[in-house]
Every structure is written in structure tokens, then in C-alpha cells.
There are 2 protein chains.
Amino acid sequence: MEGHNKTAEISQQMKEKGLRITPQRFAVYANLLSRCDHPTVDDILTEINRELPIASKASVYSALSVLREVGLVREVLLDEGVTRYDAKVEPHHHFVCEGCGQIKDLAWDVFKNLQLNPLPSGFQVNAYEITVKGCCDRCNLERVEDQNP
Amino acid sequence: MEGHNKTAEISQQMKEKGLRITPQRFAVYANLLSRCDHPTVDDILTEINRELPIASKASVYSALSVLREVGLVREVLLDEGVTRYDAKVEPHHHFVCEGCGQIKDLAWDVFKNLQLNPLPSGFQVNAYEITVKGCCDRCNLERVEDQNP
DNA sequence: TTAAATGCAAACTATTTGCACGTAA
DNA sequence: TTACGTGCAAATAGTTTGCATTTAA
């Protein structure tokens with residue numbers, strides 16, 4: 001239930017980045033690795049404190065901050081004024097359901113033949129990311145039901 | 001200096017959407033039409049109150065809210081935990097300079113041959129938007145100077 | 001005339017910060 | 001042992017809300 005990364009592997013990844021390993025940081029990173037729902041700070045906090053209170057909110061912020069600095073996690077910034085986090089750092093895109101707000105990862109190659117026309121001169125591209133907005137199955141269903149009550 | 005939309009045209013657009021025209025709303029929308037820098041609420045507030053205090057922050061929030069509801073403006077959500085606004089509502093992409101934070105509009109066709117591979121089933125696409133991150137001329141220059149002092 | 005908008009201040013939410021205490025290395 | 005991390009609480013920033021007053025139509 002804790003994901004497929006072994007404790008030692010997780011510690012190893014953090015050590016390689018020069019991070020001191022504390023129970024709080026470990027819990028944050030392990031939790032993030034085990035889920036794919038792009039949780040917020042509160043989501044993570046709730047989850048790691050579920051059985052045994054282990055970390056404060058400030059520590060979760062702090063842990064996420066250093067994990068992001070060393071490249072083990074990244075922020076997912078969409079709408080809503082909340083920062084979400086993701087332990088999947090390879091380039092990929094996101095699908096956001098406008099009904100329920102769920103966020104799904106999209107494989108990098110979900111867009112094919114993506115070619116950048118010359119940008120207005122003076123710009124150098126480092127990265128790009130596509131946010132696809134739409135509706136998931138369940139929300140489509142509910143919408144149809146609303147219109148035919 | 002106030003952009004190329006005439007007063008009457010701006011009022012007309014707002015009326016067509018069923019909006020009551022108040023000095024505050026008018027100022028907010030006119031200001032947004034006249035600029036292309038994706039301003040924040042504070043940016044707009046400062047600008048419309050520059051010569052003569054005309055609107056409170058709450059009114060700017062309120063004006064932007066209704067303007068967005070009727071589709072005359074849209075939110076631009078990038079990083080930084082601030083909401084930016086844009087009176088250009090046609091689909092387009094954004095370039096964000098990671099150095100100075102400036103945001104440039106990119107024409108819709110700046111990506112050519114963009115084809116969506118089938119999504120994982122159960123998703124219906126309403127819209128998508130590409131955020132390109134990189135460096136503008138000036139910031140590239142500064143970076144080079146930093147490395148060769 | 002009157003439903004709707006404004007302005008102020010207080011409330012709320014997400015995040016950051018300062019500092020005394022605790023702990024991983 | 002000690003530099004670094006944690007926890008708490010206070011501070012900050014962006015945004016929303018309640019309510020009395022004003023105003024566009």
C-alpha cells in the first residue's frame with residue numbers, strides 16, 4: 001500500500017542529492033512517490049499523519065521546498081490558487097477535468113508531430129508543457145443526466 | 001495612450017453582455033484592453049487610480065469577476081500564486097521568461113502540426129493551452145555576463 | 001425607484017518567517 | 001558536537017465576504 005519503492009531506495013535517492021534524511025522528509029517524499037493524484041500540502045500532511053502524527057505543516061512545506069530544489073519533486077501549478085506536487089519529474093503533460101478537478105498525467109507523446117515554429121526573435125525555449133482541459137467520463141455522464149432529468 | 005478602443009465601443013461590448021456599466025468596471029475593462037502585459041489585480045488597481053482614485057480593490061476584484069463570467073476577459077494562471085488577467089480571449093499560448101517573469105502571448109499557430117493522439121479513453125477535450133518557458137533576450141544576456149564577469 | 005454595485009473592514013486561505021529546541025550525521 | 005531541521009505561532013499576501021451606502025438604468 002506504500003508504493004513499490006523500498007525504504008532504502010528512497011533514502012538513497014535523497015542522499016544522492018545531498019539531503020539530510022529526517023523522518024518528516026522521508027515521509028513526505030515516500031508519500032508523494034506512492035500516489036499519482038498531485039496532492040496539495042494539506043493532502044500530504046493529512047496522509048502522513050494519519051496513523052501517527054509525525055510532521056507539522058511547516059515541515060511539510062520545508063521538505064517539499066528542498067525536494068523541489070534538488071529536483072526530486074516538482075510543482076504542478078494549475079488553477080485554484082493551490083500548489084500541487086508531483087514526484088514524477090520527467091516531462092509530461094496534464095489533463096484537468098473541469099468537472100471534478102481531477103488531474104491526470106498525459107504521456108509526453110500524447111501530442112505527436114509537435115514542432116515549434118520560430119518564436120518571435122529574442123526568445124530561447126527551455127521547456128514547455130501542455131495543459132489539456134476537458135471532462136472525464138464520470139463528469140460527462142453527470143452533465144448528460146442534468147440535461148435530461 | 002489609452003489603447004485604440006473607443007469609449008463607445010467598450011461600453012457597447014459590455015452592454016451586449018448584459019453588464020451594467022459603472023465607472024469602475026469601465027476603467028478596469030478599458031485598462032485591460034489597453035495593455036498586453038497580463039496584469040495582476042494590483043497592477044490594474046494602481047493604473048486606474050493613477051490620476052484620480054476611482055476604484056477600491058474589492059471593486060476591481062468584482063469587476064474582473066463579472067467580466068470573466070461573461071467572457072470578456074480571462075484569467076492567466078501561471079506560477080507565483082497570483083492571478084493575472086487578459087482581455088485577449090481568443091485561444092493563444094503563453095511564453096514565460098524564467099529570468100524576469102515577463103509573459104508574452106504566442107500565436108495559436110506557433111506550434112504547427114499539433115495533433116492529439118487518442119487520449120486514454122474516458123476523456124473529452126474542451127481546450128488546451130501550451131505554456132512555453134524559457135529566457136528572453138535581455139535575460140540571456142545577463143546570464144552570459146554573470147558567467148564572464 | 002430599485003436592484004445591483006461600491007467601499008471598507010474583517011475574515012479566510014495558502015504560504016513564509018523567526019526563533020527556541022531537538023536531532024541526524 | 002554541531003550545523004541543520006522541526007514546530008509553533010506570528011506575519012504576509014492574495015482573495016473573498018458582509019453590510020451599510022450609493023448609483024445606473
# chains A, B, ... in the order shown; residues from 1 in each chain; ligands from 1
call {"tool": "residues_around", "arguments": {"residues": "C:DT2", "least_positions_apart": "2", "cutoff": "12 Å", "atoms": "only C-alpha atoms (C1' of nucleotides)", "output": "list in words"}}
result
DA4 of chain C; DT23, DA24 and DA25 of chain D
call {"tool": "write_last_selection", "arguments": {"atoms": "N, CA, C and O atoms (P, O5', C5', C4', C3', O3' and C1' of nucleotides)", "output": "mmCIF file, in the first residue's frame"}}
result
data_model
loop_
_atom_site.group_PDB
_atom_site.id
_atom_site.type_symbol
_atom_site.label_atom_id
_atom_site.label_comp_id
_atom_site.auth_asym_id
_atom_site.auth_seq_id
_atom_site.Cartn_x
_atom_site.Cartn_y
_atom_site.Cartn_z
ATOM 1 P P DA C 4 -30.906 42.415 -9.462
ATOM 2 O "O5'" DA C 4 -29.583 43.300 -9.530
ATOM 3 C "C5'" DA C 4 -29.430 44.244 -10.572
ATOM 4 C "C4'" DA C 4 -28.201 45.083 -10.275
ATOM 5 C "C3'" DA C 4 -26.980 44.251 -9.857
ATOM 6 O "O3'" DA C 4 -25.857 44.823 -10.484
ATOM 7 C "C1'" DA C 4 -27.387 45.901 -8.263
ATOM 8 P P DT D 23 -22.953 58.065 -5.532
ATOM 9 O "O5'" DT D 23 -23.557 57.101 -6.650
ATOM 10 C "C5'" DT D 23 -22.836 55.939 -7.035
ATOM 11 C "C4'" DT D 23 -23.668 55.184 -8.068
ATOM 12 C "C3'" DT D 23 -24.363 56.073 -9.099
ATOM 13 O "O3'" DT D 23 -24.304 55.400 -10.339
ATOM 14 C "C1'" DT D 23 -25.920 54.670 -8.103
ATOM 15 P P DA D 24 -23.786 56.143 -11.649
ATOM 16 O "O5'" DA D 24 -24.176 55.076 -12.763
ATOM 17 C "C5'" DA D 24 -23.701 53.732 -12.651
ATOM 18 C "C4'" DA D 24 -24.708 52.784 -13.301
ATOM 19 C "C3'" DA D 24 -25.231 53.216 -14.664
ATOM 20 O "O3'" DA D 24 -25.385 52.036 -15.451
ATOM 21 C "C1'" DA D 24 -27.031 53.173 -13.108
ATOM 22 P P DA D 25 -25.855 52.128 -16.958
ATOM 23 O "O5'" DA D 25 -27.422 51.912 -16.835
ATOM 24 C "C5'" DA D 25 -27.915 50.649 -16.399
ATOM 25 C "C4'" DA D 25 -29.428 50.720 -16.336
ATOM 26 C "C3'" DA D 25 -30.080 51.335 -17.580
ATOM 27 O "O3'" DA D 25 -31.176 50.547 -17.971
ATOM 28 C "C1'" DA D 25 -30.830 52.440 -15.656
#
call {"tool": "closest_atom_pairs", "arguments": {"of": "chain B", "to": "chain A", "cutoff": "12 Å", "atoms": "only C-alpha atoms", "output": "Markdown table"}}
result
| residue | atom | partner | partner_atom | distance |
| --- | --- | --- | --- | --- |
| B:Glu75 | CA | A:Asp79 | CA | 9.4 |
| B:Val76 | CA | A:Asp79 | CA | 9.2 |
| B:Leu77 | CA | A:Asp79 | CA | 6.3 |
| B:Leu78 | CA | A:Leu77 | CA | 6.7 |
| B:Asp79 | CA | A:Leu77 | CA | 6.2 |
| B:Glu80 | CA | A:Leu77 | CA | 8.9 |
| B:Gly81 | CA | A:Gly81 | CA | 5.9 |
| B:Val82 | CA | A:Gly81 | CA | 7.7 |
| B:Thr83 | CA | A:Gly81 | CA | 8.1 |
| B:Arg84 | CA | A:Asp79 | CA | 11.5 |
| B:His93 | CA | A:Ile130 | CA | 9.6 |
| B:His94 | CA | A:Tyr128 | CA | 9.8 |
| B:Phe95 | CA | A:Phe123 | CA | 8.7 |
| B:Val96 | CA | A:Val125 | CA | 9.5 |
| B:Cys97 | CA | A:Phe123 | CA | 8.3 |
| B:Glu98 | CA | A:Asn126 | CA | 8.9 |
| B:Gly99 | CA | A:Gln124 | CA | 11.3 |
| B:Gln102 | CA | A:Phe123 | CA | 11.4 |
| B:Ile103 | CA | A:Phe123 | CA | 11.4 |
| B:Lys104 | CA | A:Pro120 | CA | 9.8 |
| B:Asp105 | CA | A:Pro120 | CA | 10.1 |
| B:Leu106 | CA | A:Leu119 | CA | 7.9 |
| B:Ala107 | CA | A:Leu119 | CA | 9.2 |
| B:Trp108 | CA | A:Asn117 | CA | 10.6 |
| B:Asp109 | CA | A:Asn117 | CA | 7.8 |
| B:Val110 | CA | A:Asn117 | CA | 5.1 |
| B:Phe111 | CA | A:Leu116 | CA | 4.8 |
| B:Lys112 | CA | A:Gln115 | CA | 5.6 |
| B:Asn113 | CA | A:Asn113 | CA | 5.8 |
| B:Leu114 | CA | A:Leu114 | CA | 5.3 |
| B:Gln115 | CA | A:Lys112 | CA | 5.6 |
| B:Leu116 | CA | A:Phe111 | CA | 4.8 |
| B:Asn117 | CA | A:Val110 | CA | 5.1 |
| B:Pro118 | CA | A:Val110 | CA | 7.2 |
| B:Leu119 | CA | A:Val110 | CA | 6.9 |
| B:Pro120 | CA | A:Leu106 | CA | 8.4 |
| B:Ser121 | CA | A:Asp137 | CA | 8.3 |
| B:Gly122 | CA | A:Asp137 | CA | 4.6 |
| B:Phe123 | CA | A:Cys136 | CA | 4.6 |
| B:Gln124 | CA | A:Cys135 | CA | 5.1 |
| B:Val125 | CA | A:Gly134 | CA | 4.3 |
| B:Asn126 | CA | A:Gly134 | CA | 4.5 |
| B:Ala127 | CA | A:Lys133 | CA | 5.2 |
| B:Tyr128 | CA | A:Val132 | CA | 4.2 |
| B:Glu129 | CA | A:Thr131 | CA | 5.5 |
| B:Ile130 | CA | A:Ile130 | CA | 4.4 |
| B:Thr131 | CA | A:Glu129 | CA | 5.5 |
| B:Val132 | CA | A:Tyr128 | CA | 4.2 |
| B:Lys133 | CA | A:Ala127 | CA | 5.1 |
| B:Gly134 | CA | A:Val125 | CA | 4.2 |
| B:Cys135 | CA | A:Gln124 | CA | 5.2 |
| B:Cys136 | CA | A:Phe123 | CA | 4.6 |
| B:Asp137 | CA | A:Gly122 | CA | 4.6 |
| B:Arg138 | CA | A:Gly122 | CA | 8.1 |
| B:Cys139 | CA | A:Phe123 | CA | 9.5 |
| B:Asn140 | CA | A:Gln124 | CA | 8.1 |
| B:Leu141 | CA | A:Gly122 | CA | 10.3 |
call {"tool": "select_by_dssp", "arguments": {"residues": "stretch 87-137 of chain A", "states": "helix (DSSP H, G or I)", "output": "PyMOL selection string"}}
result
chain A and resi 108-110+137
call {"tool": "write_last_selection", "arguments": {"atoms": "N, CA, C and O atoms", "output": "CSV table (one decimal), in the first residue's frame"}}
result
chain,number,residue,atom,x,y,z
A,108,TRP,N,4.2,12.1,-22.6
A,108,TRP,CA,4.8,13.2,-23.3
A,108,TRP,C,4.4,13.1,-24.8
A,108,TRP,O,4.2,14.2,-25.5
A,109,ASP,N,4.2,11.9,-25.3
A,109,ASP,CA,4.0,11.8,-26.8
A,109,ASP,C,2.5,11.8,-27.1
A,109,ASP,O,2.1,11.4,-28.1
A,110,VAL,N,1.6,12.3,-26.2
A,110,VAL,CA,0.2,12.3,-26.4
A,110,VAL,C,0.0,13.4,-27.5
A,110,VAL,O,-1.1,13.4,-28.2
A,137,ASP,N,-15.0,10.9,-17.9
A,137,ASP,CA,-16.2,10.1,-18.2
A,137,ASP,C,-17.3,10.3,-17.2
A,137,ASP,O,-18.4,10.6,-17.6
call {"tool": "closest_atom_pairs", "arguments": {"of": "chain C", "to": "chain A", "cutoff": "9 Å", "atoms": "only C-alpha atoms (C1' of nucleotides)", "output": "JSON lines"}}
result
{"residue": "C:DA14", "atom": "C1'", "partner": "A:Val82", "partner_atom": "CA", "distance": 6.9}
{"residue": "C:DT15", "atom": "C1'", "partner": "A:Tyr61", "partner_atom": "CA", "distance": 8.3}
{"residue": "C:DT23", "atom": "C1'", "partner": "A:Thr22", "partner_atom": "CA", "distance": 8.9}
{"residue": "C:DA24", "atom": "C1'", "partner": "A:Arg20", "partner_atom": "CA", "distance": 7.1}
{"residue": "C:DA25", "atom": "C1'", "partner": "A:Arg20", "partner_atom": "CA", "distance": 8.2}
call {"tool": "write_last_selection", "arguments": {"atoms": "all heavy atoms", "output": "compact mmCIF listing (two decimals), in the first residue's frame"}}
result
# COMPACT_ATOMS: atom_id res chain seq x y z
P DA C 14 -6.34 26.67 1.47
OP1 DA C 14 -6.77 25.74 0.42
OP2 DA C 14 -6.20 26.22 2.88
O5' DA C 14 -4.95 27.30 1.03
C5' DA C 14 -4.84 27.91 -0.24
C4' DA C 14 -3.47 28.51 -0.36
O4' DA C 14 -3.34 29.58 0.60
C3' DA C 14 -2.33 27.53 -0.07
O3' DA C 14 -1.36 27.66 -1.09
C2' DA C 14 -1.81 27.97 1.29
C1' DA C 14 -2.13 29.45 1.31
N9 DA C 14 -2.35 30.03 2.64
C8 DA C 14 -3.12 29.52 3.65
N7 DA C 14 -3.13 30.27 4.73
C5 DA C 14 -2.31 31.33 4.41
C6 DA C 14 -1.93 32.47 5.11
N6 DA C 14 -2.30 32.73 6.37
N1 DA C 14 -1.10 33.35 4.49
C2 DA C 14 -0.72 33.09 3.24
N3 DA C 14 -1.02 32.06 2.47
C4 DA C 14 -1.83 31.20 3.11
P DT C 15 -0.03 26.76 -1.03
OP1 DT C 15 0.44 26.61 -2.41
OP2 DT C 15 -0.28 25.57 -0.20
O5' DT C 15 0.98 27.73 -0.28
C5' DT C 15 1.25 29.00 -0.85
C4' DT C 15 2.13 29.80 0.09
O4' DT C 15 1.43 30.06 1.32
C3' DT C 15 3.44 29.12 0.48
O3' DT C 15 4.49 29.88 -0.10
C2' DT C 15 3.43 29.15 2.00
C1' DT C 15 2.41 30.22 2.32
N1 DT C 15 1.73 30.12 3.63
C2 DT C 15 1.89 31.16 4.52
O2 DT C 15 2.55 32.15 4.29
N3 DT C 15 1.24 30.99 5.73
C4 DT C 15 0.46 29.91 6.11
O4 DT C 15 -0.06 29.89 7.22
C5 DT C 15 0.34 28.85 5.13
C7 DT C 15 -0.47 27.63 5.45
C6 DT C 15 0.97 29.01 3.95
P DT C 23 14.49 14.95 19.43
OP1 DT C 23 13.26 14.16 19.24
OP2 DT C 23 15.32 14.80 20.65
O5' DT C 23 15.43 14.68 18.17
C5' DT C 23 15.05 15.21 16.90
C4' DT C 23 16.21 15.05 15.93
O4' DT C 23 17.11 16.17 16.05
C3' DT C 23 17.07 13.81 16.18
O3' DT C 23 17.55 13.37 14.93
C2' DT C 23 18.22 14.38 16.98
C1' DT C 23 18.42 15.68 16.21
N1 DT C 23 19.19 16.74 16.88
C2 DT C 23 19.93 17.57 16.09
O2 DT C 23 20.00 17.49 14.89
N3 DT C 23 20.63 18.54 16.80
C4 DT C 23 20.64 18.74 18.17
O4 DT C 23 21.29 19.63 18.68
C5 DT C 23 19.83 17.81 18.93
C7 DT C 23 19.77 17.92 20.42
C6 DT C 23 19.16 16.87 18.26
P DA C 24 17.22 11.92 14.37
OP1 DA C 24 15.79 11.83 14.09
OP2 DA C 24 17.87 10.96 15.27
O5' DA C 24 18.00 11.94 12.97
C5' DA C 24 17.62 12.88 11.97
C4' DA C 24 18.83 13.21 11.10
O4' DA C 24 19.75 14.05 11.85
C3' DA C 24 19.65 12.01 10.64
O3' DA C 24 20.16 12.33 9.35
C2' DA C 24 20.75 11.91 11.68
C1' DA C 24 20.97 13.37 12.09
N9 DA C 24 21.26 13.59 13.51
C8 DA C 24 20.83 12.85 14.56
N7 DA C 24 21.23 13.33 15.73
C5 DA C 24 21.96 14.46 15.41
C6 DA C 24 22.65 15.41 16.18
N6 DA C 24 22.71 15.38 17.52
N1 DA C 24 23.28 16.41 15.53
C2 DA C 24 23.21 16.46 14.19
N3 DA C 24 22.60 15.63 13.36
C4 DA C 24 21.99 14.64 14.03
P DA C 25 21.03 11.29 8.54
OP1 DA C 25 20.76 11.53 7.11
OP2 DA C 25 20.84 9.95 9.11
O5' DA C 25 22.51 11.79 8.86
C5' DA C 25 22.96 13.02 8.32
C4' DA C 25 24.39 13.26 8.78
O4' DA C 25 24.39 13.51 10.20
C3' DA C 25 25.32 12.08 8.54
O3' DA C 25 26.53 12.55 7.99
C2' DA C 25 25.58 11.51 9.92
C1' DA C 25 25.43 12.75 10.79
N9 DA C 25 25.04 12.47 12.17
C8 DA C 25 24.30 11.41 12.63
N7 DA C 25 24.10 11.42 13.92
C5 DA C 25 24.77 12.56 14.35
C6 DA C 25 24.94 13.14 15.61
N6 DA C 25 24.44 12.62 16.74
N1 DA C 25 25.66 14.29 15.68
C2 DA C 25 26.17 14.81 14.55
N3 DA C 25 26.07 14.35 13.30
C4 DA C 25 25.35 13.22 13.27
call {"tool": "select_by_dssp", "arguments": {"residues": "stretch 7-89 of chain B", "states": "strand (DSSP E or B)", "output": "PDB file with all heavy atoms, in the first residue's frame"}}
result
ATOM      1  N   THR B  40      -1.787  41.913 -12.871  1.00  0.00           N
ATOM      2  CA  THR B  40      -2.458  41.380 -11.688  1.00  0.00           C
ATOM      3  C   THR B  40      -3.509  42.391 -11.244  1.00  0.00           C
ATOM      4  O   THR B  40      -3.584  43.502 -11.774  1.00  0.00           O
ATOM      5  CB  THR B  40      -1.455  41.201 -10.544  1.00  0.00           C
ATOM      6  OG1 THR B  40      -0.951  42.491 -10.158  1.00  0.00           O
ATOM      7  CG2 THR B  40      -0.295  40.326 -10.964  1.00  0.00           C
ATOM      8  N   ARG B  74     -10.114  36.885 -19.517  1.00  0.00           N
ATOM      9  CA  ARG B  74      -9.842  35.566 -18.967  1.00  0.00           C
ATOM     10  C   ARG B  74      -8.671  35.625 -18.011  1.00  0.00           C
ATOM     11  O   ARG B  74      -7.844  36.529 -18.058  1.00  0.00           O
ATOM     12  CB  ARG B  74      -9.588  34.559 -20.080  1.00  0.00           C
ATOM     13  CG  ARG B  74      -8.292  34.724 -20.815  1.00  0.00           C
ATOM     14  CD  ARG B  74      -7.976  33.402 -21.516  1.00  0.00           C
ATOM     15  NE  ARG B  74      -6.911  33.549 -22.485  1.00  0.00           N
ATOM     16  CZ  ARG B  74      -6.264  32.496 -23.028  1.00  0.00           C
ATOM     17  NH1 ARG B  74      -6.612  31.283 -22.720  1.00  0.00           N
ATOM     18  NH2 ARG B  74      -5.290  32.690 -23.884  1.00  0.00           N
ATOM     19  N   GLU B  75      -8.618  34.642 -17.157  1.00  0.00           N
ATOM     20  CA  GLU B  75      -7.528  34.541 -16.212  1.00  0.00           C
ATOM     21  C   GLU B  75      -6.334  33.891 -16.892  1.00  0.00           C
ATOM     22  O   GLU B  75      -6.504  33.027 -17.745  1.00  0.00           O
ATOM     23  CB  GLU B  75      -7.942  33.691 -15.019  1.00  0.00           C
ATOM     24  CG  GLU B  75      -9.046  34.296 -14.176  1.00  0.00           C
ATOM     25  CD  GLU B  75      -9.402  33.392 -13.002  1.00  0.00           C
ATOM     26  OE1 GLU B  75      -9.090  32.194 -13.055  1.00  0.00           O
ATOM     27  OE2 GLU B  75      -9.992  33.908 -12.047  1.00  0.00           O
ATOM     28  N   VAL B  76      -5.166  34.312 -16.490  1.00  0.00           N
ATOM     29  CA  VAL B  76      -3.938  33.662 -16.936  1.00  0.00           C
ATOM     30  C   VAL B  76      -3.265  33.135 -15.695  1.00  0.00           C
ATOM     31  O   VAL B  76      -2.795  33.913 -14.863  1.00  0.00           O
ATOM     32  CB  VAL B  76      -3.001  34.656 -17.650  1.00  0.00           C
ATOM     33  CG1 VAL B  76      -1.740  33.953 -18.120  1.00  0.00           C
ATOM     34  CG2 VAL B  76      -3.712  35.320 -18.805  1.00  0.00           C
ATOM     35  N   ARG B  84      -3.425  36.550 -12.954  1.00  0.00           N
ATOM     36  CA  ARG B  84      -3.245  37.603 -13.945  1.00  0.00           C
ATOM     37  C   ARG B  84      -4.441  37.604 -14.877  1.00  0.00           C
ATOM     38  O   ARG B  84      -5.143  36.607 -14.996  1.00  0.00           O
ATOM     39  CB  ARG B  84      -1.942  37.401 -14.729  1.00  0.00           C
ATOM     40  CG  ARG B  84      -0.729  37.509 -13.831  1.00  0.00           C
ATOM     41  CD  ARG B  84       0.580  37.245 -14.543  1.00  0.00           C
ATOM     42  NE  ARG B  84       1.690  37.528 -13.651  1.00  0.00           N
ATOM     43  CZ  ARG B  84       2.177  38.744 -13.457  1.00  0.00           C
ATOM     44  NH1 ARG B  84       1.673  39.771 -14.107  1.00  0.00           N
ATOM     45  NH2 ARG B  84       3.163  38.931 -12.616  1.00  0.00           N
ATOM     46  N   TYR B  85      -4.663  38.732 -15.527  1.00  0.00           N
ATOM     47  CA  TYR B  85      -5.832  38.855 -16.380  1.00  0.00           C
ATOM     48  C   TYR B  85      -5.459  39.311 -17.778  1.00  0.00           C
ATOM     49  O   TYR B  85      -4.424  39.944 -17.992  1.00  0.00           O
ATOM     50  CB  TYR B  85      -6.849  39.813 -15.745  1.00  0.00           C
ATOM     51  CG  TYR B  85      -7.465  39.231 -14.499  1.00  0.00           C
ATOM     52  CD1 TYR B  85      -6.861  39.407 -13.267  1.00  0.00           C
ATOM     53  CD2 TYR B  85      -8.614  38.463 -14.571  1.00  0.00           C
ATOM     54  CE1 TYR B  85      -7.403  38.849 -12.123  1.00  0.00           C
ATOM     55  CE2 TYR B  85      -9.161  37.902 -13.436  1.00  0.00           C
ATOM     56  CZ  TYR B  85      -8.550  38.091 -12.216  1.00  0.00           C
ATOM     57  OH  TYR B  85      -9.090  37.525 -11.086  1.00  0.00           O
ATOM     58  N   ASP B  86      -6.312  38.985 -18.709  1.00  0.00           N
ATOM     59  CA  ASP B  86      -6.032  39.200 -20.119  1.00  0.00           C
ATOM     60  C   ASP B  86      -7.354  39.495 -20.832  1.00  0.00           C
ATOM     61  O   ASP B  86      -8.327  38.763 -20.662  1.00  0.00           O
ATOM     62  CB  ASP B  86      -5.415  37.911 -20.686  1.00  0.00           C
ATOM     63  CG  ASP B  86      -4.740  38.129 -22.019  1.00  0.00           C
ATOM     64  OD1 ASP B  86      -4.952  39.196 -22.624  1.00  0.00           O
ATOM     65  OD2 ASP B  86      -3.997  37.231 -22.445  1.00  0.00           O
TER      66      ASP B  86
END
call {"tool": "closest_residue", "arguments": {"among": "A:Glu69, A:Cys36, A:Leu52, A:Pro23", "to": "chain D", "atoms": "only C-alpha atoms (C1' of nucleotides)"}}
result
A:Pro23
call {"tool": "interface_residues", "arguments": {"of": "chain D", "to": "chain A", "cutoff": "8 Å", "atoms": "only C-alpha atoms (C1' of nucleotides)", "output": "list in words"}}
result
DG5, DT6 and DG7 of chain D
call {"tool": "write_last_selection", "arguments": {"atoms": "N, CA and C atoms (P, O5', C5', C4', C3', O3' and C1' of nucleotides)", "output": "PDB file, in the first residue's frame"}}
result
ATOM      1  P    DG D   5      18.761  21.156   6.642  1.00  0.00           P
ATOM      2  O5'  DG D   5      17.734  20.680   7.745  1.00  0.00           O
ATOM      3  C5'  DG D   5      17.706  19.298   8.106  1.00  0.00           C
ATOM      4  C4'  DG D   5      16.581  19.051   9.079  1.00  0.00           C
ATOM      5  C3'  DG D   5      15.214  19.525   8.596  1.00  0.00           C
ATOM      6  O3'  DG D   5      14.281  18.498   8.892  1.00  0.00           O
ATOM      7  C1'  DG D   5      15.760  20.603  10.642  1.00  0.00           C
ATOM      8  P    DT D   6      12.755  18.705   8.725  1.00  0.00           P
ATOM      9  O5'  DT D   6      12.289  19.139  10.176  1.00  0.00           O
ATOM     10  C5'  DT D   6      12.441  18.220  11.250  1.00  0.00           C
ATOM     11  C4'  DT D   6      11.732  18.755  12.476  1.00  0.00           C
ATOM     12  C3'  DT D   6      10.277  19.146  12.237  1.00  0.00           C
ATOM     13  O3'  DT D   6       9.463  18.512  13.206  1.00  0.00           O
ATOM     14  C1'  DT D   6      11.482  20.942  13.238  1.00  0.00           C
ATOM     15  P    DG D   7       7.886  18.531  13.066  1.00  0.00           P
ATOM     16  O5'  DG D   7       7.482  19.702  14.063  1.00  0.00           O
ATOM     17  C5'  DG D   7       7.792  19.567  15.444  1.00  0.00           C
ATOM     18  C4'  DG D   7       7.333  20.805  16.178  1.00  0.00           C
ATOM     19  C3'  DG D   7       5.912  21.251  15.843  1.00  0.00           C
ATOM     20  O3'  DG D   7       5.273  21.615  17.057  1.00  0.00           O
ATOM     21  C1'  DG D   7       7.429  23.017  15.422  1.00  0.00           C
TER      22       DG D   7
END
call {"tool": "residues_around", "arguments": {"residues": "C:DT17", "least_positions_apart": "5", "cutoff": "12 Å", "atoms": "only C-alpha atoms (C1' of nucleotides)", "output": "number ranges by chain"}}
result
A: 58, 62; D: 8-12
call {"tool": "atom_distance", "arguments": {"atom1": "atom CA of A:Val66", "atom2": "atom CA of A:Gly101"}}
result
27.2 Å
call {"tool": "residues_around", "arguments": {"residues": "stretch 5-17 of chain B", "least_positions_apart": "3", "cutoff": "9 Å", "atoms": "only C-alpha atoms (C1' of nucleotides)", "output": "PyMOL selection string"}}
result
chain B and resi 2+20-21+26+29-30+33-34+67+70-72
call {"tool": "write_last_selection", "arguments": {"atoms": "N, CA and C atoms", "output": "mmCIF file, in the first residue's frame"}}
result
data_model
loop_
_atom_site.group_PDB
_atom_site.id
_atom_site.type_symbol
_atom_site.label_atom_id
_atom_site.label_comp_id
_atom_site.auth_asym_id
_atom_site.auth_seq_id
_atom_site.Cartn_x
_atom_site.Cartn_y
_atom_site.Cartn_z
ATOM 1 N N GLU B 2 -4.431 55.390 -24.330
ATOM 2 C CA GLU B 2 -5.442 54.576 -23.668
ATOM 3 C C GLU B 2 -5.839 53.369 -24.507
ATOM 4 N N ARG B 20 -24.100 46.001 -16.412
ATOM 5 C CA ARG B 20 -24.335 47.376 -16.025
ATOM 6 C C ARG B 20 -22.993 48.108 -16.088
ATOM 7 N N ILE B 21 -23.010 49.294 -16.653
ATOM 8 C CA ILE B 21 -21.737 49.990 -16.832
ATOM 9 C C ILE B 21 -21.507 51.007 -15.728
ATOM 10 N N PHE B 26 -15.898 50.031 -16.137
ATOM 11 C CA PHE B 26 -15.408 50.558 -17.403
ATOM 12 C C PHE B 26 -13.899 50.745 -17.351
ATOM 13 N N TYR B 29 -12.011 47.365 -17.491
ATOM 14 C CA TYR B 29 -12.004 46.721 -18.798
ATOM 15 C C TYR B 29 -11.197 47.529 -19.810
ATOM 16 N N ALA B 30 -11.366 48.844 -19.793
ATOM 17 C CA ALA B 30 -10.621 49.699 -20.717
ATOM 18 C C ALA B 30 -9.119 49.563 -20.462
ATOM 19 N N LEU B 33 -7.888 46.255 -21.799
ATOM 20 C CA LEU B 33 -7.825 46.259 -23.263
ATOM 21 C C LEU B 33 -6.598 47.013 -23.771
ATOM 22 N N SER B 34 -6.150 47.978 -22.992
ATOM 23 C CA SER B 34 -5.081 48.844 -23.484
ATOM 24 C C SER B 34 -3.686 48.279 -23.244
ATOM 25 N N LEU B 67 -16.592 40.335 -15.524
ATOM 26 C CA LEU B 67 -16.046 40.371 -16.890
ATOM 27 C C LEU B 67 -15.612 38.978 -17.336
ATOM 28 N N VAL B 70 -18.778 36.735 -18.129
ATOM 29 C CA VAL B 70 -19.409 36.964 -19.433
ATOM 30 C C VAL B 70 -18.439 36.748 -20.591
ATOM 31 N N GLY B 71 -17.197 36.407 -20.278
ATOM 32 C CA GLY B 71 -16.267 36.054 -21.347
ATOM 33 C C GLY B 71 -15.513 37.209 -21.982
ATOM 34 N N LEU B 72 -15.526 38.356 -21.352
ATOM 35 C CA LEU B 72 -14.767 39.481 -21.926
ATOM 36 C C LEU B 72 -13.292 39.454 -21.511
#
call {"tool": "atom_distance", "arguments": {"atom1": "atom CA of B:Val73", "atom2": "atom CA of B:Ile54"}}
result
20.5 Å
call {"tool": "atom_distance", "arguments": {"atom1": "atom C1' of C:DG18", "atom2": "atom CA of A:Asn49"}}
result
25.1 Å
